[in-house]
file structure03.cif (mmCIF, C-alpha atoms)
data_target
loop_
_atom_site.label_atom_id
_atom_site.label_comp_id
_atom_site.auth_asym_id
_atom_site.auth_seq_id
_atom_site.Cartn_x
_atom_site.Cartn_y
_atom_site.Cartn_z
CA MET A 1 -16.97 -3.61 -30.63
CA ASN A 2 -16.28 -2.12 -27.22
CA CYS A 3 -12.60 -2.65 -26.54
CA PRO A 4 -11.31 -2.92 -22.99
CA ASN A 5 -9.45 0.02 -21.48
CA LYS A 6 -5.72 0.16 -22.27
CA THR A 7 -4.88 -0.18 -18.59
CA ASP A 8 -6.74 -3.48 -18.57
CA TRP A 9 -4.22 -4.73 -21.08
CA VAL A 10 -1.37 -3.73 -18.76
CA LEU A 11 -2.92 -5.85 -16.01
CA TYR A 12 -3.57 -8.63 -18.51
CA ALA A 13 0.00 -8.67 -19.82
CA SER A 14 1.33 -8.55 -16.26
CA GLY A 15 -0.87 -11.39 -15.07
CA GLU A 16 -2.64 -9.29 -12.46
CA LEU A 17 -6.23 -9.71 -13.63
CA PRO A 18 -8.70 -11.88 -11.74
CA PRO A 19 -9.47 -15.10 -13.67
CA ALA A 20 -12.99 -14.04 -14.63
CA ARG A 21 -11.84 -10.72 -16.09
CA ARG A 22 -8.92 -12.40 -17.81
CA GLN A 23 -11.31 -14.79 -19.51
CA VAL A 24 -13.37 -11.85 -20.79
CA LEU A 25 -10.28 -10.21 -22.29
CA GLU A 26 -9.08 -13.42 -23.90
CA THR A 27 -12.46 -13.86 -25.54
CA HIS A 28 -12.20 -10.30 -26.82
CA LEU A 29 -8.68 -10.85 -28.12
CA ALA A 30 -9.81 -13.70 -30.30
CA GLY A 31 -11.94 -11.34 -32.36
CA CYS A 32 -10.06 -8.02 -32.19
CA GLY A 33 -6.85 -7.52 -34.13
CA ALA A 34 -6.21 -4.05 -32.70
CA CYS A 35 -6.32 -5.30 -29.12
CA ARG A 36 -4.19 -8.28 -30.07
CA ARG A 37 -1.51 -5.91 -31.34
CA GLU A 38 -1.92 -3.82 -28.19
CA ALA A 39 -1.46 -6.82 -25.90
CA GLN A 40 1.46 -8.12 -27.96
CA GLY A 41 3.17 -4.72 -27.81
CA LEU A 42 2.91 -4.66 -24.04
CA ALA A 43 4.17 -8.22 -23.80
CA ARG A 44 7.17 -7.21 -25.93
CA GLY A 45 7.83 -4.36 -23.54
CA LEU A 46 7.77 -6.75 -20.59
CA ALA A 47 10.08 -9.14 -22.44
CA ALA A 48 12.51 -6.31 -23.08
CA LEU A 49 12.43 -5.40 -19.41
CA ALA A 50 13.19 -9.00 -18.48
CA THR A 51 16.54 -8.82 -20.29
CA LEU A 52 17.89 -6.64 -17.47
CA GLU A 53 19.89 -8.36 -14.77
CA ARG A 54 17.35 -8.65 -11.98
CA GLU A 55 19.70 -9.37 -9.13
CA PRO A 56 22.98 -7.69 -10.03
CA ALA A 57 25.90 -8.66 -7.86
CA VAL A 58 26.80 -6.18 -5.17
CA ARG A 59 30.50 -5.85 -4.42
CA PRO A 60 31.43 -8.15 -1.49
CA GLN A 61 33.14 -5.32 0.40
CA VAL A 62 29.95 -3.25 0.16
CA MET A 63 27.92 -6.15 1.54
CA GLU A 64 30.40 -6.66 4.38
CA THR A 65 30.29 -2.97 5.30
CA LEU A 66 26.53 -3.13 5.19
CA ARG A 67 26.46 -6.17 7.50
CA THR A 68 28.60 -4.34 10.04
CA ARG A 69 26.56 -1.15 9.86
CA ALA A 70 23.31 -3.14 10.07
CA ARG A 71 24.43 -4.88 13.24
CA GLU A 72 25.35 -1.53 14.78
CA ALA A 73 22.05 0.00 13.73
CA THR A 74 19.97 -2.79 15.25
CA LEU A 75 22.04 -2.80 18.45
CA ALA A 76 21.10 0.84 19.07
CA LEU A 77 17.38 0.11 19.10
CA PRO A 78 17.04 -1.18 22.70
CA MET A 79 18.98 1.86 23.98
CA VAL A 80 16.55 4.26 22.37
CA ALA A 81 13.55 2.38 23.74
CA SER A 82 15.05 2.42 27.22
CA LEU A 83 15.77 6.11 26.93
CA TRP A 84 12.23 6.88 25.92
CA ARG A 85 10.85 4.96 28.88
CA ARG A 86 12.95 7.05 31.23
CA TYR A 87 12.28 10.27 29.36
CA ARG A 88 8.53 9.79 29.78
CA TRP A 89 9.05 9.73 33.54
CA VAL A 90 10.96 13.02 33.48
CA ALA A 91 8.46 14.59 31.09
CA ALA A 92 5.58 13.54 33.32
CA ALA A 93 7.32 14.92 36.41
CA ALA A 94 8.06 18.18 34.63
CA ALA A 95 4.46 18.46 33.45
CA ILE A 96 3.14 17.93 36.96
CA VAL A 97 5.41 20.58 38.42
CA VAL A 98 4.61 23.06 35.65
CA LEU A 99 0.90 22.43 36.22
CA ALA A 100 1.32 22.89 39.96
CA VAL A 101 3.21 26.13 39.45
CA GLY A 102 0.57 27.32 37.02
CA LEU A 103 -2.19 26.58 39.49
CA ALA A 104 -0.26 28.30 42.24
CA ILE A 105 0.01 31.42 40.12
CA VAL A 106 -3.59 31.44 38.88
CA MET A 107 -5.21 30.36 42.13
CA PRO A 108 -2.96 31.31 45.06
CA PRO A 109 -4.15 30.16 48.46
CA ALA A 110 -6.33 32.76 50.14
CA ALA A 111 -4.00 32.86 53.12
CA GLN A 112 -1.15 34.05 50.97
CA LEU A 113 -3.06 36.86 49.29
CA PRO A 114 -2.20 39.63 51.74
CA THR A 115 1.54 38.91 51.64
CA PRO A 116 4.01 38.77 48.75
CA ARG A 117 3.91 35.38 47.04
CA PRO A 118 6.93 33.16 47.83
CA GLN A 119 8.86 31.97 44.72
CA PRO A 120 10.92 28.89 45.62
CA VAL A 121 8.67 26.35 43.90
CA THR A 122 9.13 28.07 40.56
CA ALA A 123 12.88 28.12 40.91
CA TRP A 124 13.56 24.78 39.30
CA VAL A 125 11.54 25.36 36.14
CA THR A 126 13.00 28.79 35.60
CA ASP A 127 16.45 27.61 36.50
CA ALA A 128 18.59 28.08 33.39
CA HIS A 129 20.81 25.13 34.23
CA LEU A 130 17.89 22.71 34.41
CA GLN A 131 16.35 24.11 31.29
CA GLU A 132 19.64 23.55 29.50
CA GLU A 133 19.70 19.99 30.79
CA LEU A 134 16.19 19.34 29.58
CA ALA A 135 17.00 20.86 26.20
CA GLU A 136 20.09 18.69 25.89
CA ILE A 137 18.17 15.57 26.86
CA THR A 138 15.44 16.36 24.36
CA ALA A 139 17.92 17.08 21.58
CA GLY A 140 19.86 13.91 22.34
CA ILE A 141 16.79 11.74 22.37
CA GLU A 142 15.51 13.28 19.16
CA MET A 143 18.85 12.61 17.54
CA LEU A 144 18.93 8.99 18.70
CA GLU A 145 15.34 8.50 17.60
CA ALA A 146 15.98 10.10 14.22
CA ARG A 147 18.99 7.88 13.69
CA SER A 148 17.12 4.78 14.77
CA ASN A 149 14.30 5.68 12.37
CA GLY A 150 16.69 6.47 9.58
CA LYS A 151 15.62 10.10 9.51
CA ALA A 152 19.05 11.49 9.99
CA PRO A 153 20.73 10.48 6.74
CA ASP A 154 23.47 13.03 7.17
CA VAL A 155 24.69 11.37 10.35
CA ALA A 156 26.50 8.11 9.76
CA PRO A 157 25.37 5.35 12.15
CA ASP A 158 27.96 4.90 14.85
CA ALA A 159 27.30 2.49 17.70
CA ASP A 160 30.14 3.92 19.82
CA ALA A 161 28.85 7.46 19.41
CA ASP A 162 25.32 6.31 20.21
CA GLU A 163 26.51 4.57 23.36
CA GLN A 164 28.47 7.61 24.45
CA LEU A 165 25.46 9.84 23.86
CA TYR A 166 23.29 7.38 25.73
CA ASN A 167 25.66 7.45 28.72
CA GLU A 168 25.71 11.22 28.70
CA LEU A 169 21.94 11.34 28.65
CA GLU A 170 21.81 8.82 31.47
CA PHE A 171 24.05 11.11 33.51
CA PHE A 172 21.75 14.05 32.81
CA PHE A 173 18.75 12.00 33.85
CA ASP A 174 20.34 11.02 37.15
CA GLN A 175 21.37 14.59 37.82
CA LEU A 176 17.93 15.90 36.98
CA ARG A 177 16.20 13.28 39.08
CA ALA A 178 18.41 14.11 42.07
CA GLU A 179 17.61 17.79 41.73
CA VAL A 180 13.88 17.13 41.37
CA ASP A 181 13.94 14.81 44.38
CA ALA A 182 15.78 17.46 46.37
CA MET B 1 10.44 -14.05 6.03
CA THR B 2 10.80 -14.00 9.78
CA THR B 3 11.70 -10.39 10.20
CA GLY B 4 10.60 -8.60 13.32
CA THR B 5 13.16 -9.48 15.91
CA GLY B 6 16.14 -7.69 14.46
CA ASP B 7 18.49 -10.61 15.08
CA SER B 8 21.41 -11.50 12.84
CA SER B 9 19.46 -14.08 10.81
CA ASP B 10 16.89 -11.40 9.99
CA ILE B 11 19.66 -9.10 8.87
CA GLU B 12 21.21 -11.73 6.63
CA THR B 13 17.83 -12.71 5.18
CA LEU B 14 17.01 -9.11 4.39
CA LEU B 15 20.43 -8.50 2.90
CA VAL B 16 20.32 -11.51 0.61
CA THR B 17 16.70 -10.90 -0.34
CA PHE B 18 16.71 -7.20 -0.98
CA ALA B 19 20.19 -5.76 -1.44
CA PRO B 20 20.82 -6.92 -5.06
CA ARG B 21 17.38 -5.90 -6.29
CA VAL B 22 17.41 -2.60 -4.45
CA TYR B 23 20.83 -1.96 -5.92
CA GLY B 24 19.57 -2.86 -9.39
CA LEU B 25 16.62 -0.50 -9.05
CA LEU B 26 18.78 2.34 -7.77
CA PHE B 27 21.42 1.81 -10.44
CA ARG B 28 18.74 2.12 -13.13
CA LEU B 29 17.24 5.18 -11.46
CA VAL B 30 20.37 7.21 -10.75
CA GLY B 31 22.66 5.77 -13.42
CA ARG B 32 25.76 5.70 -11.23
CA PRO B 33 27.04 2.55 -9.53
CA ASP B 34 28.81 4.42 -6.73
CA VAL B 35 25.69 6.41 -5.88
CA ALA B 36 23.51 3.31 -6.21
CA GLU B 37 25.75 1.51 -3.70
CA ASP B 38 25.50 4.35 -1.20
CA LEU B 39 21.75 4.69 -1.57
CA MET B 40 21.26 0.93 -1.34
CA GLN B 41 23.17 0.86 1.93
CA GLU B 42 21.11 3.73 3.30
CA THR B 43 17.90 2.01 2.21
CA MET B 44 18.84 -1.23 3.92
CA LEU B 45 19.97 0.50 7.10
CA ARG B 46 16.70 2.36 7.38
CA ALA B 47 14.88 -0.92 6.96
CA PHE B 48 17.01 -2.62 9.63
CA ARG B 49 16.39 0.17 12.10
CA SER B 50 12.66 -0.44 11.77
CA LEU B 51 12.80 -4.20 12.24
CA GLY B 52 11.68 -3.85 15.84
CA THR B 53 8.42 -2.24 14.78
CA TYR B 54 7.88 -4.28 11.61
CA ARG B 55 4.46 -5.89 11.44
CA PRO B 56 4.48 -9.09 9.39
CA GLU B 57 1.12 -8.23 7.85
CA GLY B 58 2.57 -5.04 6.43
CA LYS B 59 3.93 -4.73 2.91
CA PHE B 60 7.52 -4.74 4.03
CA ARG B 61 8.89 -5.25 0.54
CA ALA B 62 6.91 -2.32 -0.84
CA TRP B 63 8.10 -0.23 2.07
CA VAL B 64 11.77 -1.08 1.45
CA PHE B 65 11.46 -0.11 -2.20
CA ARG B 66 9.64 3.07 -1.29
CA ILE B 67 12.63 4.09 0.82
CA ALA B 68 14.89 3.37 -2.15
CA VAL B 69 12.75 5.36 -4.57
CA ASN B 70 12.53 8.31 -2.20
CA LEU B 71 16.28 8.33 -1.70
CA ALA B 72 16.81 8.19 -5.46
CA ARG B 73 14.33 11.03 -5.99
CA ASP B 74 16.12 13.14 -3.38
CA TRP B 75 19.48 12.46 -4.98
CA ILE B 76 18.23 13.25 -8.48
CA ARG B 77 16.61 16.45 -7.21
CA ARG B 78 19.93 17.58 -5.74
CA GLN B 79 21.76 17.19 -9.06
CA PRO B 80 22.34 20.23 -11.25
CA ARG B 81 19.72 20.57 -13.94
CA GLU B 82 20.76 19.15 -17.31
CA PRO B 83 19.41 20.67 -20.52
CA SER B 84 16.23 18.83 -21.49
CA VAL B 85 16.67 16.26 -24.24
CA SER B 86 13.98 15.38 -26.73
CA LEU B 87 13.27 11.69 -27.08
CA ASP B 88 13.24 12.11 -30.83
CA ASP B 89 16.49 13.94 -31.44
CA GLY B 90 18.71 10.89 -31.32
CA GLU B 91 20.69 12.14 -28.33
CA ASP B 92 20.98 10.01 -25.25
CA PRO B 93 19.67 11.51 -22.02
CA PRO B 94 22.22 11.81 -19.18
CA VAL B 95 21.12 8.66 -17.41
CA ALA B 96 21.43 6.66 -20.64
CA VAL B 97 24.94 7.97 -21.21
CA SER B 98 25.85 7.21 -17.64
CA LEU B 99 24.46 3.68 -17.74
CA ARG B 100 26.46 2.93 -20.84
CA THR B 101 29.75 4.59 -20.11
CA ILE B 102 30.29 3.96 -16.42
CA ALA B 103 31.38 0.43 -15.76
CA PRO B 104 29.17 -1.34 -13.22
CA PRO B 105 30.94 -2.52 -10.07
CA ASP B 106 30.70 -6.09 -11.21
CA ALA B 107 30.76 -7.36 -14.75
CA SER B 108 27.73 -9.55 -14.07
CA MET B 109 25.63 -6.41 -13.98
CA GLY B 110 25.58 -6.37 -17.73
CA ARG B 111 26.14 -10.04 -18.44
CA ARG B 112 22.56 -10.92 -19.15
CA GLU B 113 21.64 -7.70 -20.80
CA GLY B 114 21.15 -8.80 -24.35
CA SER B 115 20.81 -5.40 -25.88
CA LYS B 116 22.17 -1.98 -25.09
CA ARG B 117 19.02 -0.71 -26.70
CA VAL B 118 17.04 -1.98 -23.73
CA GLU B 119 19.15 0.09 -21.36
CA THR B 120 18.90 3.14 -23.55
CA ALA B 121 15.17 2.71 -24.05
CA ILE B 122 14.61 2.48 -20.30
CA ALA B 123 16.89 5.42 -19.62
CA ARG B 124 14.95 7.50 -22.15
CA LEU B 125 11.71 7.05 -20.25
CA SER B 126 10.57 9.87 -18.02
CA GLU B 127 11.69 9.49 -14.42
CA ALA B 128 8.16 8.74 -13.23
CA ASP B 129 7.48 6.16 -15.96
CA ARG B 130 10.83 4.52 -15.32
CA GLU B 131 10.08 4.31 -11.59
CA VAL B 132 6.87 2.39 -12.23
CA LEU B 133 8.52 -0.05 -14.58
CA LEU B 134 11.51 -0.66 -12.33
CA LEU B 135 9.40 -1.08 -9.21
CA ARG B 136 7.41 -3.71 -11.07
CA TYR B 137 10.54 -5.50 -12.20
CA TYR B 138 13.00 -5.20 -9.32
CA GLY B 139 10.46 -4.89 -6.52
CA ASP B 140 8.16 -7.49 -8.03
CA LEU B 141 5.34 -5.28 -6.82
CA ALA B 142 1.76 -5.43 -8.02
CA PHE B 143 0.58 -2.20 -9.61
CA LYS B 144 -1.67 -1.40 -6.65
CA ASP B 145 1.37 -1.64 -4.39
CA ILE B 146 3.36 0.55 -6.77
CA ALA B 147 0.56 3.10 -6.52
CA ARG B 148 0.95 3.11 -2.71
CA THR B 149 4.72 3.25 -3.04
CA THR B 150 4.80 6.21 -5.41
CA GLY B 151 1.79 7.95 -3.88
CA GLU B 152 -0.03 8.10 -7.21
CA PRO B 153 -3.51 6.85 -8.10
CA LEU B 154 -3.66 3.34 -9.54
CA GLY B 155 -5.00 4.69 -12.83
CA THR B 156 -1.99 7.00 -13.19
CA VAL B 157 0.41 4.18 -12.42
CA LEU B 158 -1.24 1.92 -14.99
CA ALA B 159 -1.17 4.71 -17.58
CA ARG B 160 2.55 5.18 -16.89
CA ALA B 161 3.17 1.45 -17.20
CA HIS B 162 1.19 1.35 -20.44
CA ARG B 163 3.16 4.24 -21.95
CA ALA B 164 6.50 2.84 -20.82
CA LEU B 165 5.84 -0.72 -21.99
CA LYS B 166 4.58 0.50 -25.35
CA LYS B 167 7.76 2.52 -25.83
CA LEU B 168 9.92 -0.44 -24.92
CA GLY B 169 7.90 -2.68 -27.22
CA GLU B 170 8.19 -0.22 -30.11
CA LEU B 171 11.90 0.38 -29.67
CA LEU B 172 12.64 -3.28 -29.41
CA PRO B 173 10.82 -5.17 -32.10
CA GLU B 174 10.04 -8.78 -31.36
CA GLY B 175 12.69 -10.07 -33.74
CA GLU B 176 15.48 -8.42 -31.80
CA LEU B 177 14.70 -9.90 -28.43
#
call {"tool": "encode", "arguments": {"input": "structure03.cif", "output": "structure tokens"}}
result
Amino acid sequence: MNCPNKTDWVLYASGELPPARRQVLETHLAGCGACRREAQGLARGLAALATLEREPAVRPQVMETLRTRAREATLALPMVASLWRRYRWVAAAAAIVVLAVGLAIVMPPAAQLPTPRPQPVTAWVTDAHLQEELAEITAGIEMLEARSNGKAPDVAPDADADEQLYNELEFFFDQLRAEVDA
Amino acid sequence: MTTGTGDSSDIETLLVTFAPRVYGLLFRLVGRPDVAEDLMQETMLRAFRSLGTYRPEGKFRAWVFRIAVNLARDWIRRQPREPSVSLDDGEDPPVAVSLRTIAPPDASMGRREGSKRVETAIARLSEADREVLLLRYYGDLAFKDIARTTGEPLGTVLARAHRALKKLGELLPEGEL
């Protein structure tokens, strides 16, 4: 007699087989003592598992702390989204300027060829202060995003700290925008 | 479940639905109630932070339990290596000892547990086999979802479940249940 695969009996005992396949196995069980013992053994294992408390009580103070932290965590989400929207604008502006500078270097206007190339347009991307600002903005956004995605387990969620960081980043944005506009 | 908006009713629904079972799973995986509490909180917070991007058609439950399992794996990996214990030498493995000797945070944790042998038998399973069994029980996940959760092929997961259930069945004869 061809006995079903042992993993079939796991699905059978767990009630995960489609009805047609289940019927086939039940027919087989009726005439196969070895498979009957196999299925009964698995069922005993499941019964043993079911003696564990399935929904153990969590200490009320833990649940209360969790509620508070959960509210803080979900409150931070709109801030991150807003930040990303604004960051995209800055990133796009920076990319355009970098591209323009690159083109100016690679393909300088013919009229400028005989004379030394003026440098002012490159000043803002090579400016250390602005680069520091961009680096800080990037790091801040990455941190907020990591925290909002739960990828910064070492940093405890803190709505006040997030808001402060957000305000600082907002300040950097405004400063950067003013300098770019200028 | 009406998750997706991240409002307070979503939070409460998720807490009531998942926190006890996630805690139960983690307690059985790491064997320490204090660690299980911490990891459960971290699991739930990570889930809450993703409510805004949650798609109802996704397997949210499987995803929550995957976070829990990954956190437990990370924690276990960070622990100092214990000397390996043979399943046949009569000694309890560290998790079994821990589950038995450290009082759970609430007495109800063990109220319905008819036999200490069940706890010991489960704690004696390999970590991977135990994961499969506990995800099935606490996560109420189908084996195909457990396969996605653990990142193993379905055949491997079923083989693990088979081995684990057989061991439980053998250690706990029908008459003692």
call {"tool": "closest_atom_pairs", "arguments": {"input": "structure03.cif", "of": "chain B", "to": "chain A", "cutoff": "6 Å", "atoms": "only C-alpha atoms", "output": "JSON lines"}}
result
{"residue": "B:Pro20", "atom": "CA", "partner": "A:Glu55", "partner_atom": "CA", "distance": 4.9}
{"residue": "B:Arg21", "atom": "CA", "partner": "A:Glu55", "partner_atom": "CA", "distance": 5.0}
{"residue": "B:Gly24", "atom": "CA", "partner": "A:Pro56", "partner_atom": "CA", "distance": 5.9}
{"residue": "B:Leu45", "atom": "CA", "partner": "A:Ala70", "partner_atom": "CA", "distance": 5.8}
{"residue": "B:Arg46", "atom": "CA", "partner": "A:Gly150", "partner_atom": "CA", "distance": 4.7}
{"residue": "B:Arg49", "atom": "CA", "partner": "A:Ser148", "partner_atom": "CA", "distance": 5.4}
{"residue": "B:Met109", "atom": "CA", "partner": "A:Pro56", "partner_atom": "CA", "distance": 4.9}
{"residue": "B:Arg112", "atom": "CA", "partner": "A:Glu53", "partner_atom": "CA", "distance": 5.7}
{"residue": "B:Glu113", "atom": "CA", "partner": "A:Leu52", "partner_atom": "CA", "distance": 5.1}
{"residue": "B:Leu158", "atom": "CA", "partner": "A:Thr7", "partner_atom": "CA", "distance": 5.5}
{"residue": "B:His162", "atom": "CA", "partner": "A:Val10", "partner_atom": "CA", "distance": 5.9}
{"residue": "B:Leu165", "atom": "CA", "partner": "A:Gly45", "partner_atom": "CA", "distance": 4.4}
{"residue": "B:Lys166", "atom": "CA", "partner": "A:Leu42", "partner_atom": "CA", "distance": 5.6}
{"residue": "B:Leu168", "atom": "CA", "partner": "A:Gly45", "partner_atom": "CA", "distance": 4.7}
{"residue": "B:Gly169", "atom": "CA", "partner": "A:Gly45", "partner_atom": "CA", "distance": 4.0}
call {"tool": "residues_around", "arguments": {"input": "structure03.cif", "residues": "Ser126 of chain B", "least_positions_apart": "3", "cutoff": "10 Å", "atoms": "only C-alpha atoms", "output": "VMD selection string"}}
result
chain B and resid 87 122 to 123 129 to 131 160 164
call {"tool": "write_last_selection", "arguments": {"input": "structure03.cif", "atoms": "C-alpha atoms", "output": "CSV table (one decimal), in the coordinates of the input"}}
result
chain,number,residue,atom,x,y,z
B,87,LEU,CA,13.3,11.7,-27.1
B,122,ILE,CA,14.6,2.5,-20.3
B,123,ALA,CA,16.9,5.4,-19.6
B,129,ASP,CA,7.5,6.2,-16.0
B,130,ARG,CA,10.8,4.5,-15.3
B,131,GLU,CA,10.1,4.3,-11.6
B,160,ARG,CA,2.6,5.2,-16.9
B,164,ALA,CA,6.5,2.8,-20.8
call {"tool": "resolve_selection", "arguments": {"input": "structure03.cif", "expression": "the PyMOL selection byres ((chain B and resi 18) around 12)", "output": "PyMOL selection string"}}
result
(chain A and resi 54-58+63) or (chain B and resi 1+10-17+19-26+40-41+43-45+47-48+60-65+68+138-140)
call {"tool": "atom_distance", "arguments": {"input": "structure03.cif", "atom1": "atom CA of Phe27 of chain B", "atom2": "atom CA of Arg77 of chain B"}}
result
15.7 Å
call {"tool": "atom_distance", "arguments": {"input": "structure03.cif", "atom1": "atom CA of Thr120 of chain B", "atom2": "atom CA of Trp75 of chain B"}}
result
20.8 Å
call {"tool": "atom_distance", "arguments": {"input": "structure03.cif", "atom1": "atom CA of Ala159 of chain B", "atom2": "atom CA of Leu17 of chain A"}}
result
15.8 Å
call {"tool": "closest_residue", "arguments": {"input": "structure03.cif", "among": "B:Val118, B:Ile146, B:Leu135, B:Leu141", "to": "Leu29 of chain B", "atoms": "only C-alpha atoms"}}
result
B:Leu135
